$ cat work36.cif   # mmCIF, C-alpha atoms
data_final
loop_
_atom_site.label_atom_id
_atom_site.label_comp_id
_atom_site.auth_asym_id
_atom_site.auth_seq_id
_atom_site.Cartn_x
_atom_site.Cartn_y
_atom_site.Cartn_z
CA VAL U 1 66.54 18.44 12.45
CA CYS U 2 62.89 19.15 13.35
CA ALA U 3 61.92 18.88 16.97
CA ARG U 4 58.78 19.10 19.09
CA THR U 5 58.23 19.21 22.85
CA SER U 6 56.36 16.48 24.66
CA ASP U 7 55.11 18.57 27.62
CA GLY U 8 54.54 22.00 26.01
CA GLY U 9 57.58 23.48 27.86
CA ASP U 10 61.07 24.33 26.88
CA GLY U 11 62.56 21.00 27.91
CA GLY U 12 61.95 17.38 27.08
CA GLN U 13 62.42 17.74 23.37
CA GLU U 14 61.75 14.65 21.25
CA ASN U 15 63.65 14.49 17.96
CA LEU U 16 61.82 13.12 14.93
CA PRO U 17 63.70 10.54 12.84
CA ASP U 18 65.82 12.00 10.08
CA ALA U 19 65.01 9.20 7.58
CA PRO U 20 61.51 8.24 6.51
CA ARG U 21 60.16 4.87 7.51
CA THR U 22 60.28 2.07 4.96
CA LEU U 23 57.88 -0.81 4.56
CA ALA U 24 58.93 -4.21 5.80
CA SER U 25 60.30 -6.53 3.16
CA ASN U 26 57.28 -8.83 3.48
CA ALA U 27 54.68 -6.04 3.14
CA SER U 28 52.39 -6.40 0.16
CA SER U 29 50.68 -3.77 -1.94
CA ALA U 30 46.89 -3.61 -2.14
CA GLY U 31 46.96 -3.03 -5.86
CA PRO U 32 46.59 -5.69 -8.56
CA SER U 33 49.52 -7.76 -9.64
CA VAL U 34 51.04 -6.96 -13.04
CA ARG U 35 50.01 -9.39 -15.77
CA GLY U 36 52.32 -10.63 -18.41
CA LYS U 37 51.66 -9.60 -21.98
CA GLY U 38 49.14 -11.90 -23.58
CA GLU U 39 48.20 -13.59 -20.29
CA ARG U 40 44.65 -14.90 -20.31
CA PRO U 41 42.26 -15.76 -17.45
CA ALA U 42 42.43 -19.31 -16.12
CA ALA U 43 38.88 -19.65 -14.84
CA ARG U 44 35.45 -18.00 -14.84
CA LEU U 45 33.01 -18.50 -11.98
CA ARG U 46 29.33 -17.56 -11.76
CA LEU U 47 28.37 -16.37 -8.28
CA GLN U 48 24.87 -16.37 -6.83
CA TYR U 49 24.39 -13.93 -3.98
CA GLU U 50 21.71 -12.26 -1.85
CA LYS U 51 21.15 -8.53 -1.63
CA ARG U 52 18.96 -7.80 1.39
CA HIS U 53 18.26 -4.83 3.66
CA PRO U 54 20.22 -2.57 4.28
CA ALA U 55 22.33 -3.31 1.17
CA SER U 56 19.18 -3.15 -0.99
CA TYR U 57 19.41 0.67 -0.84
CA LEU U 58 22.74 0.65 -2.67
CA SER U 59 22.57 1.64 -6.32
CA HIS U 60 23.99 -0.60 -9.05
CA LEU U 61 27.10 1.59 -9.33
CA GLU U 62 27.61 1.52 -5.55
CA THR U 63 27.26 -2.26 -5.58
CA LEU U 64 29.91 -2.50 -8.29
CA THR U 65 32.29 -0.32 -6.25
CA LEU U 66 31.57 -2.39 -3.15
CA PHE U 67 32.57 -5.63 -4.91
CA HIS U 68 35.71 -3.98 -6.31
CA ARG U 69 36.84 -3.17 -2.78
CA ALA U 70 35.77 -6.54 -1.38
CA LEU U 71 37.77 -8.38 -4.05
CA ARG U 72 40.91 -6.44 -3.17
CA ARG U 73 40.47 -7.20 0.53
CA SER U 74 39.70 -10.87 -0.06
CA LYS U 75 43.12 -11.58 -1.68
CA LEU U 76 41.45 -13.88 -4.19
CA PRO U 77 43.34 -14.58 -7.46
CA ILE U 78 41.23 -12.16 -9.48
CA TYR U 79 42.03 -11.59 -13.14
CA TYR U 80 42.59 -7.90 -13.92
CA THR U 81 42.08 -6.15 -17.22
CA GLY U 82 45.02 -4.62 -19.04
CA GLY U 83 45.79 -0.97 -19.75
CA GLU U 84 46.90 1.89 -17.54
CA HIS U 85 44.00 1.43 -15.11
CA PRO U 86 43.49 -2.30 -14.52
CA HIS U 87 40.36 -3.42 -12.71
CA PRO U 88 38.80 -6.80 -11.85
CA LYS U 89 37.06 -8.43 -14.79
CA MET U 90 33.45 -8.98 -13.75
CA ALA U 91 29.91 -8.91 -15.14
CA PHE U 92 26.67 -8.39 -13.19
CA SER U 93 23.12 -9.51 -13.88
CA PRO U 94 20.69 -6.70 -14.88
CA ALA U 95 20.66 -3.79 -12.44
CA LEU U 96 18.32 -4.10 -9.48
CA PRO U 97 16.22 -0.99 -8.68
CA VAL U 98 17.17 0.80 -5.46
CA GLY U 99 15.15 -0.55 -2.54
CA VAL U 100 14.36 -3.90 -4.19
CA GLU U 101 15.72 -6.90 -2.29
CA SER U 102 16.94 -10.03 -4.01
CA LEU U 103 17.54 -13.66 -3.06
CA SER U 104 19.00 -14.52 -6.45
CA GLU U 105 21.52 -12.07 -7.92
CA TYR U 106 24.34 -13.22 -10.19
CA LEU U 107 27.90 -12.10 -10.86
CA ASP U 108 30.54 -13.50 -13.21
CA LEU U 109 34.17 -13.26 -12.07
CA TRP U 110 37.34 -14.14 -13.98
CA PHE U 111 40.41 -15.52 -12.14
CA SER U 112 44.13 -15.76 -12.85
CA ARG U 113 44.11 -19.31 -11.42
CA THR U 114 41.34 -21.77 -10.68
CA PRO U 115 40.12 -21.24 -7.09
CA GLU U 116 39.71 -24.16 -4.73
CA ALA U 117 36.24 -25.37 -3.74
CA GLY U 118 34.65 -22.90 -1.32
CA GLU U 119 37.54 -20.43 -1.57
CA VAL U 120 35.55 -17.70 -3.31
CA GLU U 121 32.49 -17.92 -1.06
CA LYS U 122 34.60 -17.93 2.11
CA GLY U 123 36.91 -15.14 0.96
CA LEU U 124 34.14 -12.74 -0.10
CA ASN U 125 31.71 -13.40 2.75
CA ALA U 126 34.47 -12.53 5.21
CA VAL U 127 34.72 -8.96 3.85
CA LEU U 128 31.26 -8.18 2.40
CA PRO U 129 28.96 -5.90 4.45
CA GLU U 130 25.64 -6.77 6.07
CA GLY U 131 22.94 -7.61 3.57
CA ILE U 132 25.17 -9.19 0.90
CA PHE U 133 25.97 -12.90 1.12
CA VAL U 134 27.50 -15.16 -1.54
CA GLN U 135 25.55 -18.42 -1.68
CA ASP U 136 27.35 -20.31 -4.40
CA ALA U 137 30.14 -20.11 -6.98
CA ARG U 138 30.16 -22.44 -9.96
CA PRO U 139 32.56 -22.63 -12.93
CA VAL U 140 31.36 -21.74 -16.43
CA PRO U 141 33.33 -21.93 -19.69
CA LEU U 142 35.52 -18.94 -20.45
CA ASN U 143 33.76 -18.45 -23.80
CA ALA U 144 30.21 -18.87 -22.45
CA SER U 145 27.53 -16.35 -23.35
CA SER U 146 27.26 -13.20 -21.28
CA LEU U 147 25.42 -13.36 -17.99
CA GLU U 148 22.63 -11.09 -19.23
CA GLN U 149 22.06 -13.27 -22.31
CA SER U 150 21.91 -16.37 -20.08
CA ILE U 151 18.88 -15.22 -18.08
CA ALA U 152 15.65 -17.06 -18.99
CA TRP U 153 13.31 -15.43 -16.45
CA MET U 154 13.25 -13.62 -13.10
CA GLU U 155 10.54 -13.89 -10.46
CA TYR U 156 9.44 -11.16 -8.05
CA VAL U 157 7.05 -11.12 -5.10
CA ILE U 158 5.21 -7.79 -4.77
CA SER U 159 3.64 -7.32 -1.33
CA PHE U 160 1.36 -4.44 -0.38
CA PRO U 161 1.08 -3.06 3.17
CA GLU U 162 -2.08 -4.10 4.97
CA ALA U 163 -4.76 -1.86 6.46
CA THR U 164 -3.89 1.36 4.61
CA PRO U 165 -6.20 3.44 2.39
CA GLN U 166 -3.82 3.02 -0.58
CA THR U 167 -3.60 -0.80 -0.32
CA PRO U 168 -5.43 -2.48 -3.23
CA SER U 169 -8.02 -5.05 -2.25
CA GLN U 170 -8.16 -8.56 -3.69
CA ASP U 171 -10.79 -7.34 -6.15
CA ASP U 172 -8.53 -4.43 -7.16
CA LEU U 173 -5.66 -6.86 -7.83
CA LYS U 174 -7.93 -9.11 -9.87
CA ARG U 175 -9.22 -6.22 -11.99
CA ALA U 176 -5.66 -4.92 -12.54
CA MET U 177 -4.48 -8.32 -13.78
CA GLU U 178 -7.52 -8.66 -16.06
CA ALA U 179 -6.86 -5.20 -17.52
CA PHE U 180 -3.19 -6.09 -17.99
CA TYR U 181 -4.09 -9.06 -20.20
CA ASP U 182 -7.02 -7.35 -21.94
CA ASP U 183 -6.60 -7.59 -25.72
CA ASN U 184 -9.22 -4.98 -26.61
CA PRO U 185 -7.44 -2.07 -28.39
CA SER U 186 -8.03 1.49 -27.22
CA SER U 187 -8.60 4.53 -29.41
CA GLY U 188 -6.36 7.59 -29.56
CA ALA U 189 -2.62 8.02 -30.13
CA ALA U 190 -1.67 8.00 -26.43
CA ALA U 191 -3.85 4.98 -25.75
CA ALA U 192 -2.38 3.16 -28.76
CA LYS U 193 1.16 3.78 -27.51
CA GLU U 194 0.18 2.57 -24.05
CA GLU U 195 -1.40 -0.52 -25.57
CA LYS U 196 1.79 -1.26 -27.54
CA ASN U 197 3.91 -1.08 -24.38
CA ARG U 198 1.43 -3.25 -22.54
CA GLY U 199 1.40 -5.75 -25.40
CA ASN U 200 5.18 -6.11 -25.22
CA LEU U 201 4.96 -6.71 -21.48
CA ARG U 202 2.00 -9.06 -21.85
CA ARG U 203 4.08 -11.54 -23.83
CA ALA U 204 6.89 -11.55 -21.25
CA VAL U 205 5.05 -11.37 -17.93
CA LYS U 206 3.10 -13.99 -16.01
CA LEU U 207 1.09 -12.68 -13.04
CA GLU U 208 -0.49 -14.58 -10.15
CA GLY U 209 -2.05 -13.47 -6.89
CA LYS U 210 -0.27 -14.24 -3.63
CA GLN U 211 -1.87 -16.87 -1.43
CA ASP U 212 -2.44 -14.37 1.38
CA GLY U 213 -4.27 -12.04 -1.03
CA HIS U 214 -2.02 -9.05 -0.33
CA GLY U 215 0.19 -9.01 -3.39
CA LEU U 216 1.34 -10.53 -6.65
CA VAL U 217 3.86 -13.03 -7.94
CA CYS U 218 5.41 -11.66 -11.13
CA ARG U 219 7.56 -13.81 -13.42
CA ILE U 220 9.29 -11.86 -16.20
CA HIS U 221 10.72 -13.78 -19.17
CA ARG U 222 13.55 -12.45 -21.28
CA LEU U 223 12.35 -11.58 -24.77
CA SER U 224 14.04 -9.84 -27.72
CA GLY U 225 17.37 -9.55 -25.93
CA SER U 226 16.11 -7.59 -22.91
CA THR U 227 14.26 -8.13 -19.64
CA ALA U 228 11.59 -5.82 -18.24
CA SER U 229 11.72 -4.69 -14.62
CA ALA U 230 9.18 -5.34 -11.88
CA MET U 231 8.85 -1.57 -11.41
CA ARG U 232 7.69 -1.18 -15.02
CA VAL U 233 5.11 -3.94 -14.58
CA LEU U 234 3.87 -2.31 -11.39
CA LYS U 235 3.52 1.06 -13.13
CA VAL U 236 1.36 -0.51 -15.86
CA LEU U 237 -0.80 -2.32 -13.30
CA PHE U 238 -1.30 0.74 -11.10
CA PRO U 239 -0.57 3.92 -13.12
CA THR U 240 -1.42 6.25 -10.20
CA SER U 241 0.47 4.30 -7.54
CA ASN U 242 3.22 6.93 -7.14
CA ARG U 243 0.73 9.77 -6.76
CA ASN U 244 -1.33 7.79 -4.25
CA GLY U 245 1.71 6.98 -2.11
CA LEU U 246 1.53 3.23 -2.73
CA ARG U 247 4.84 1.72 -1.57
CA PRO U 248 4.88 -2.06 -2.04
CA ARG U 249 7.73 -4.28 -0.94
CA ILE U 250 9.41 -5.99 -3.89
CA ILE U 251 11.66 -9.03 -3.47
CA LYS U 252 13.34 -10.87 -6.33
CA THR U 253 12.92 -14.45 -5.16
CA ASP U 254 14.26 -16.53 -8.04
CA ALA U 255 15.90 -16.50 -11.45
CA ALA U 256 16.50 -19.18 -14.07
CA LEU U 257 19.62 -19.30 -16.20
CA LEU U 258 20.12 -21.07 -19.49
CA PRO U 259 22.88 -23.70 -19.68
CA PRO U 260 26.25 -22.05 -20.41
CA SER U 261 26.96 -22.02 -24.14
CA PRO U 262 29.30 -20.18 -26.53
CA PRO U 263 27.97 -16.79 -27.68
CA ALA U 264 25.98 -16.71 -30.92
CA VAL U 265 28.48 -14.31 -32.53
CA ALA U 266 31.29 -16.84 -32.15
CA SER U 267 29.07 -19.57 -33.64
CA LYS U 268 28.22 -17.42 -36.68
CA ARG U 269 31.89 -16.56 -37.17
CA LYS U 270 32.75 -20.27 -37.13
CA LEU U 271 30.09 -21.02 -39.74
CA ARG U 272 31.45 -18.29 -42.03
CA ASN U 273 34.98 -19.71 -41.69
CA ASP U 274 33.77 -23.21 -42.53
CA LYS U 275 32.15 -22.10 -45.82
#

$ encode --input "work36.cif" --output "structure tokens"
Amino acid sequence: VCARTSDGGDGGQENLPDAPRTLASNASSAGPSVRGKGERPAARLRLQYEKRHPASYLSHLETLTLFHRALRRSKLPIYYTGGEHPHPKMAFSPALPVGVESLSEYLDLWFSRTPEAGEVEKGLNAVLPEGIFVQDARPVPLNASSLEQSIAWMEYVISFPEATPQTPSQDDLKRAMEAFYDDNPSSGAAAAKEEKNRGNLRRAVKLEGKQDGHGLVCRIHRLSGSTASAMRVLKVLFPTSNRNGLRPRIIKTDAALLPPSPPAVASKRKLRNDK
């Protein structure tokens, strides 16, 4: 039997228990419950949430890990994938650049049972850290298109700091937007490549000046299966912004989603089977 002294002397020995402690019968494990073979999810919910400072400095991978942990702590009836290493079935909207805040992020979650009204929002907001807040959770069909394919457009507000040498003036912003939509082709291989990239963006991006004159409102539409980022648009507008130390504040203020519908692949498969 191991023993240790309580006062550092020779006496007053306190014997450690011989048998290890056991968990109480009502203790629960933090891990996912085991699914039966062939079990399918009962519900799919689309969450809209905010990602503000200081959570805006989390990378996309860190945000994914954060939600994994929050879902375990929330005790919600999350549906877990199969295999040796089950994890919550979820799908995020396109990754947000580090440092960019958002008022309209989306996340699809699958559940083993249909949650009650308000259960998901309440359960997650109780365990999520500062800067992340679930605004809404709405059901979508289990076979609906992926979240990324459902995005029609995303809108960003780009604000520049005032009274600094690097801050573009209203005339600078106007000239940058005019150059962005300029259709005149440039000569040279490098210029032609730049013009091609700008042409692809030109079709997807709508730019407007902010009412206060210190920034831009940038709406980016989803074209050809992908969505450009506000950082890419900013780089085209101001190619030397990184070298000049220009650090605008970017906030994703809105996003529009298409009505939930079955994926196109499933529709094509059905047509082939009907022939």

$ closest_atom_pairs --input "work36.cif" --of "stretch 94-208 of chain U" --to "stretch 55-71 of chain U" --cutoff "6 Å" --atoms "all atoms listed in the file" --output "CSV"
residue,atom,partner,partner_atom,distance
U:Ala95,CA,U:His60,CA,5.7
U:Val98,CA,U:Tyr57,CA,5.1
U:Gly99,CA,U:Tyr57,CA,4.7
U:Val100,CA,U:Ser56,CA,5.8
U:Glu101,CA,U:Ser56,CA,5.3
U:Val127,CA,U:Ala70,CA,5.9
U:Gly131,CA,U:Ala55,CA,5.0

$ write_last_selection --input "work36.cif" --atoms "C-alpha atoms" --output "CSV table (one decimal), keeping the file's coordinate frame"
chain,number,residue,atom,x,y,z
U,95,ALA,CA,20.7,-3.8,-12.4
U,98,VAL,CA,17.2,0.8,-5.5
U,99,GLY,CA,15.2,-0.6,-2.5
U,100,VAL,CA,14.4,-3.9,-4.2
U,101,GLU,CA,15.7,-6.9,-2.3
U,127,VAL,CA,34.7,-9.0,3.8
U,131,GLY,CA,22.9,-7.6,3.6

$ closest_residue --input "work36.cif" --among "U:Tyr79, U:Phe133, U:Phe92, U:Phe238" --to "U:Arg175" --atoms "only C-alpha atoms"
U:Phe238

$ atom_distance --input "work36.cif" --atom1 "atom CA of U:Pro260" --atom2 "atom CA of U:Leu47"
13.6 Å

$ atom_distance --input "work36.cif" --atom1 "atom CA of U:Leu234" --atom2 "atom CA of U:Ser104"
20.1 Å

$ closest_residue --input "work36.cif" --among "U:Ala117, U:Leu147, U:Ala228, U:Ile78" --to "U:Pro263" --atoms "all atoms listed in the file"
U:Leu147
